[in-house]
Structures are given as structure tokens and as C-alpha cells.
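**Student:** Next up, run28.pdb (PDB, C-alpha atoms).
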MODEL        1
ATOM      1  CA  GLU A   1     -22.218  -1.684  -4.436
ATOM      2  CA  HIS A   2     -20.865  -3.115  -7.729
ATOM      3  CA  ILE A   3     -17.727  -4.441  -6.038
ATOM      4  CA  VAL A   4     -19.712  -6.160  -3.286
ATOM      5  CA  ARG A   5     -22.104  -7.684  -5.829
ATOM      6  CA  VAL A   6     -19.226  -9.045  -7.951
ATOM      7  CA  PHE A   7     -17.362 -10.533  -4.993
ATOM      8  CA  LYS A   8     -20.562 -12.136  -3.674
ATOM      9  CA  TRP A   9     -21.241 -13.571  -7.154
ATOM     10  CA  TYR A  10     -17.782 -15.179  -7.184
ATOM     11  CA  ARG A  11     -18.197 -16.297  -3.537
ATOM     12  CA  LEU A  12     -15.063 -14.497  -2.451
ATOM     13  CA  PRO A  13     -14.434 -13.183   1.060
ATOM     14  CA  MET A  14     -15.855  -9.684   1.403
ATOM     15  CA  ASN A  15     -12.601  -8.518   3.000
ATOM     16  CA  LEU A  16     -11.022  -8.648  -0.463
ATOM     17  CA  ILE A  17     -13.097  -5.665  -1.563
ATOM     18  CA  TYR A  18     -10.599  -3.537   0.387
ATOM     19  CA  VAL A  19      -7.548  -4.598  -1.661
ATOM     20  CA  PRO A  20      -7.829  -1.402  -3.768
ATOM     21  CA  VAL A  21      -7.159   0.656  -0.633
ATOM     22  CA  ILE A  22      -3.609  -0.715  -0.658
ATOM     23  CA  GLU A  23      -3.315  -0.969  -4.435
ATOM     24  CA  SER A  24      -4.519   2.461  -5.529
ATOM     25  CA  CYS A  25      -6.667   4.188  -2.878
ATOM     26  CA  PHE A  26      -9.567   3.232  -5.195
ATOM     27  CA  ASP A  27      -8.132   5.399  -7.996
ATOM     28  CA  PRO A  28      -9.381   3.917 -11.315
ATOM     29  CA  PHE A  29      -6.633   5.804 -13.181
ATOM     30  CA  ALA A  30      -3.708   4.779 -10.978
ATOM     31  CA  LEU A  31      -0.520   3.682 -12.736
ATOM     32  CA  SER A  32       2.248   1.961 -10.810
ATOM     33  CA  PRO A  33       5.949   2.447 -11.599
ATOM     34  CA  LYS A  34       5.942  -1.159 -12.868
ATOM     35  CA  GLY A  35       3.019  -0.545 -15.232
ATOM     36  CA  ALA A  36       0.109  -2.018 -13.273
ATOM     37  CA  LYS A  37      -3.037  -0.064 -14.025
ATOM     38  CA  GLY A  38      -6.312   0.968 -12.511
ATOM     39  CA  MET A  39      -7.972   0.574  -9.177
ATOM     40  CA  TRP A  40      -6.964  -3.099  -8.883
ATOM     41  CA  GLN A  41      -3.473  -2.525 -10.365
ATOM     42  CA  ILE A  42      -3.749  -5.214 -13.027
ATOM     43  CA  ASN A  43      -0.664  -5.523 -15.218
ATOM     44  CA  ASN A  44      -0.647  -6.308 -18.929
ATOM     45  CA  ILE A  45       0.276  -9.989 -18.462
ATOM     46  CA  THR A  46      -2.566 -10.548 -15.992
ATOM     47  CA  ALA A  47      -4.999  -8.626 -18.205
ATOM     48  CA  ARG A  48      -4.177 -10.912 -21.137
ATOM     49  CA  HIS A  49      -4.490 -13.972 -18.881
ATOM     50  CA  LEU A  50      -7.981 -12.754 -17.901
ATOM     51  CA  ASN A  51      -8.904 -12.060 -21.552
ATOM     52  CA  MET A  52      -9.186  -8.365 -20.757
ATOM     53  CA  LYS A  53      -8.122  -5.589 -23.053
ATOM     54  CA  VAL A  54      -5.306  -3.646 -21.422
ATOM     55  CA  SER A  55      -7.478  -0.510 -21.657
ATOM     56  CA  GLU A  56     -10.136  -2.251 -19.549
ATOM     57  CA  THR A  57      -7.816  -2.228 -16.547
ATOM     58  CA  TYR A  58      -8.762   1.453 -16.141
ATOM     59  CA  ASP A  59     -12.489   0.626 -16.181
ATOM     60  CA  TRP A  60     -13.214   0.049 -12.510
ATOM     61  CA  LYS A  61     -16.289  -2.098 -13.175
ATOM     62  CA  LYS A  62     -14.580  -4.394 -15.688
ATOM     63  CA  SER A  63     -11.377  -4.548 -13.674
ATOM     64  CA  THR A  64     -13.373  -5.491 -10.563
ATOM     65  CA  ILE A  65     -14.672  -8.529 -12.435
ATOM     66  CA  GLY A  66     -11.138  -9.230 -13.643
ATOM     67  CA  ALA A  67      -9.744  -8.969 -10.106
ATOM     68  CA  ALA A  68     -12.422 -11.327  -8.768
ATOM     69  CA  ARG A  69     -11.645 -13.849 -11.511
ATOM     70  CA  TYR A  70      -7.937 -13.505 -10.753
ATOM     71  CA  PHE A  71      -8.547 -14.158  -7.055
ATOM     72  CA  ILE A  72     -10.447 -17.330  -8.023
ATOM     73  CA  PHE A  73      -7.488 -18.376 -10.199
ATOM     74  CA  LEU A  74      -5.065 -17.769  -7.308
ATOM     75  CA  LYS A  75      -7.344 -19.454  -4.766
ATOM     76  CA  GLU A  76      -7.279 -22.631  -6.866
ATOM     77  CA  ARG A  77      -3.468 -22.652  -6.751
ATOM     78  CA  PHE A  78      -2.536 -21.513  -3.243
ATOM     79  CA  PRO A  79      -3.675 -22.915   0.116
ATOM     80  CA  THR A  80      -3.704 -19.743   2.238
ATOM     81  CA  TRP A  81      -4.845 -16.150   1.892
ATOM     82  CA  PRO A  82      -1.393 -14.755   2.732
ATOM     83  CA  LEU A  83       0.022 -16.742  -0.210
ATOM     84  CA  ILE A  84      -2.863 -15.654  -2.448
ATOM     85  CA  LEU A  85      -2.293 -11.989  -1.570
ATOM     86  CA  ALA A  86       1.462 -12.329  -2.044
ATOM     87  CA  SER A  87       0.787 -13.880  -5.461
ATOM     88  CA  TYR A  88      -1.569 -11.042  -6.357
ATOM     89  CA  ASN A  89       1.248  -8.634  -5.565
ATOM     90  CA  VAL A  90       4.383 -10.285  -6.935
ATOM     91  CA  GLY A  91       2.958 -12.936  -9.252
ATOM     92  CA  PRO A  92       1.981 -16.576  -8.803
ATOM     93  CA  THR A  93       4.991 -18.036 -10.604
ATOM     94  CA  PHE A  94       7.460 -16.380  -8.238
ATOM     95  CA  VAL A  95       5.514 -17.416  -5.136
ATOM     96  CA  LYS A  96       5.174 -21.001  -6.396
ATOM     97  CA  GLN A  97       8.947 -21.133  -7.055
ATOM     98  CA  GLN A  98       9.650 -19.895  -3.538
ATOM     99  CA  MET A  99       7.281 -22.484  -2.051
ATOM    100  CA  GLU A 100       9.067 -25.254  -3.942
ATOM    101  CA  LYS A 101      12.547 -23.912  -3.125
ATOM    102  CA  HIS A 102      11.787 -23.727   0.597
ATOM    103  CA  ASN A 103       9.356 -26.670   0.659
ATOM    104  CA  SER A 104       6.905 -24.544   2.634
ATOM    105  CA  ASN A 105       3.404 -23.049   2.501
ATOM    106  CA  ASN A 106       4.318 -20.570   5.239
ATOM    107  CA  ILE A 107       4.794 -17.081   3.824
ATOM    108  CA  GLU A 108       7.343 -16.353   6.558
ATOM    109  CA  ASP A 109       9.644 -19.089   5.213
ATOM    110  CA  LEU A 110       9.790 -17.691   1.679
ATOM    111  CA  ASP A 111      12.233 -15.177   0.226
ATOM    112  CA  LEU A 112       9.626 -12.692  -0.943
ATOM    113  CA  PRO A 113      10.415  -9.052  -1.710
ATOM    114  CA  LYS A 114      10.005  -6.677   1.233
ATOM    115  CA  GLU A 115       7.334  -4.832  -0.764
ATOM    116  CA  THR A 116       5.297  -8.040  -1.029
ATOM    117  CA  MET A 117       5.621  -8.906   2.646
ATOM    118  CA  ASP A 118       4.646  -5.335   3.555
ATOM    119  CA  TYR A 119       1.657  -5.609   1.208
ATOM    120  CA  VAL A 120       0.382  -8.746   2.951
ATOM    121  CA  TYR A 121       0.951  -7.280   6.425
ATOM    122  CA  LYS A 122      -0.762  -4.003   5.478
ATOM    123  CA  TYR A 123      -3.766  -5.888   4.157
ATOM    124  CA  PHE A 124      -4.273  -7.922   7.329
ATOM    125  CA  ALA A 125      -3.607  -4.896   9.559
ATOM    126  CA  MET A 126      -6.203  -2.913   7.619
ATOM    127  CA  ILE A 127      -8.763  -5.723   7.964
ATOM    128  CA  LYS A 128      -8.123  -5.952  11.707
ATOM    129  CA  LEU A 129      -8.620  -2.197  12.085
ATOM    130  CA  LEU A 130     -11.842  -2.381  10.084
ATOM    131  CA  LYS A 131     -13.142  -5.247  12.226
ATOM    132  CA  ASP A 132     -12.220  -3.368  15.400
ATOM    133  CA  ASN A 133     -14.042  -0.271  14.052
ATOM    134  CA  LYS A 134     -10.858   1.770  14.224
ATOM    135  CA  LEU A 135     -10.943   2.886  10.587
TER
ENDMDL
END
Please express what this file holds, its structure, as C-alpha cells.

**Tutor:**
Amino acid sequence: EHIVRVFKWYRLPMNLIYVPVIESCFDPFALSPKGAKGMWQINNITARHLNMKVSETYDWKKSTIGAARYFIFLKERFPTWPLILASYNVGPTFVKQQMEKHNSNNIEDLDLPKETMDYVYKYFAMIKLLKDNKL
């Protein structure tokens, strides 16, 4: 309920509320091997960018607001949801560099890590399954 309310407040697509399925299986205490924390897997750099205390990344309510604000930040910088999701996963600077290097907004044209491409594909596959009532 809180997640839906926050994403409606920020006028974000409701499909984004399922990102934590891929990030952490909705585990508020998840810790990635690269140090991303919480349900939304927010790293220390992103937490500081969002004016969050690093400890707040484990607070699922505060990190939900942080994730929504981060999606707004990414949405203002990238023209497509695949690029926004890739940026959420690997970082906006890297994605922007790849777009400039390859002079393309098509995620398929960029040299993104396999993990990032898999992340984007998993997200859209999950959304399709949800829409088809297969999950």
C-alpha cells in the first residue's frame, strides 16, 4: 500500500513497484556483493545523491521514497524505460557514456554488462507475465 501510494504521488508507472522483485525479493535487509542495500538496492553514492542517510536504505518506507525520487531523476535524463532501468542497475553515468559512444538511444546498441541487460529483460518479462496473469 505504501509503495503504491508513493509511486502514485510521484506519478510513476505502477509497473515500477515490482522492481524490488528483481532487486531483493522485497527483502528490506538485502545486501548485494557490490554494497547496494535494502529492498530497492540503493548504493551509498545514490543514497548521498538523494540526501538519504546510508542507514535509511534499509528502511523500506524511506528507501521507497528514495527509489521513486531516483526514478524521477533518471526519467529526466533518459528517453526510454529500458535506458532508465539500465541506469538504475549500472548507473546513469555509464549508460550516458555508452549512448554517446555509440550515438544511440537503443539499449541493444550499447555495450552494457550482461548483468544489466539481463536485469532489463527480466523486468519486462516479469511485467508481461503479470499482465498475462501468469504470475

**Student:** Do you know which residues the PyMOL selection byres ((chain A and resi 38-49) around 6) returns on this file, as a list in words?

**Tutor:** Pro20, Ser24, Phe26, Asp27, Pro28, Phe29, Ala30, Ala36, Lys37, Leu50, Asn51, Met52, Val54, Thr57 and Tyr58 of chain A

**Student:** With all atoms listed in the file as the basis for distance, which of A:Arg11, A:Tyr18, A:His2, A:Ser87 is at the shortest distance from A:Ile127?

**Tutor:** A:Tyr18

**Student:** Write out as an MDAnalysis selection string the residues lying within 12 Å of A:Ile84, counting all atoms listed in the file and excluding same-chain residues fewer than 2 positions away.

**Tutor:** chainID A and resid 16 70:82 86:96 105:107 116:117 119:120 123

**Student:** Of the candidates A:Lys128, A:Lys134, A:Lys114, A:Lys8, which one gets nearest to A:Ala68 if we count only C-alpha atoms?

**Tutor:**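 With only C-alpha atoms as the atom set, the closest residue is A:Lys8.
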
**Student:** Between atom CA of A:Val6 and atom CA of A:Lys62, measure the distance and give it in Å to one decimal.

**Tutor:**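 Result for atom CA of A:Val6 versus atom CA of A:Lys62: 10.2 Å, one decimal.
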
**Student:** Provide the atom CA of A:His102 to atom CA of A:Ala125 distance in Å, to one decimal place.

**Tutor:**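 The value is 25.9 Å.
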
**Student:** Using 6 Å of padding on each side, determine the axis-aligned box around all atoms of stretch 18-24 of chain A present in the file and give its centre and edge lengths in Å to one decimal, as lines of an AutoDock Vina configuration file.

**Tutor:**
center_x = -7.0
center_y = -1.1
center_z = -2.6
size_x = 19.3
size_y = 19.1
size_z = 17.9

**Student:** Expressed in Å to a single decimal, how great is the separation between atom CA of A:Asp111 and atom CA of A:Gln98?

**Tutor:**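 If I compute the distance from atom CA of A:Asp111 to atom CA of A:Gln98, I get 6.6 Å.
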
**Student:** Using all atoms listed in the file, which residue out of A:Asp109, A:Leu83, A:Leu130, A:Ala67 lies closest to A:Glu23?

**Tutor:**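 When distances to A:Glu23 are compared using all atoms listed in the file, the smallest one comes from A:Ala67.
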
**Student:** For each of A:Pro13, A:Lys61, A:Cys25, A:Ser55, take the minimum atom-to-atom distance to A:Glu1, counting all atoms listed in the file, then give the residue where this is smallest.

**Tutor:**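 Among the listed residues, A:Lys61 lies closest to A:Glu1.
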
**Student:** Would you mind telling me which residue in A:Met126, A:Ile65, A:Leu112, A:Val21 lies nearest to A:Phe7 when using only C-alpha atoms?

**Tutor:**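 The shortest atom-to-atom distance to A:Phe7 comes from A:Ile65.
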
**Student:** Could you tell me which of A:Ile3, A:Ile22, A:Asn15, A:Gly35 comes closest to A:Asp118 if we count only C-alpha atoms?

**Tutor:**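 Closest to A:Asp118 of all the choices is A:Ile22.
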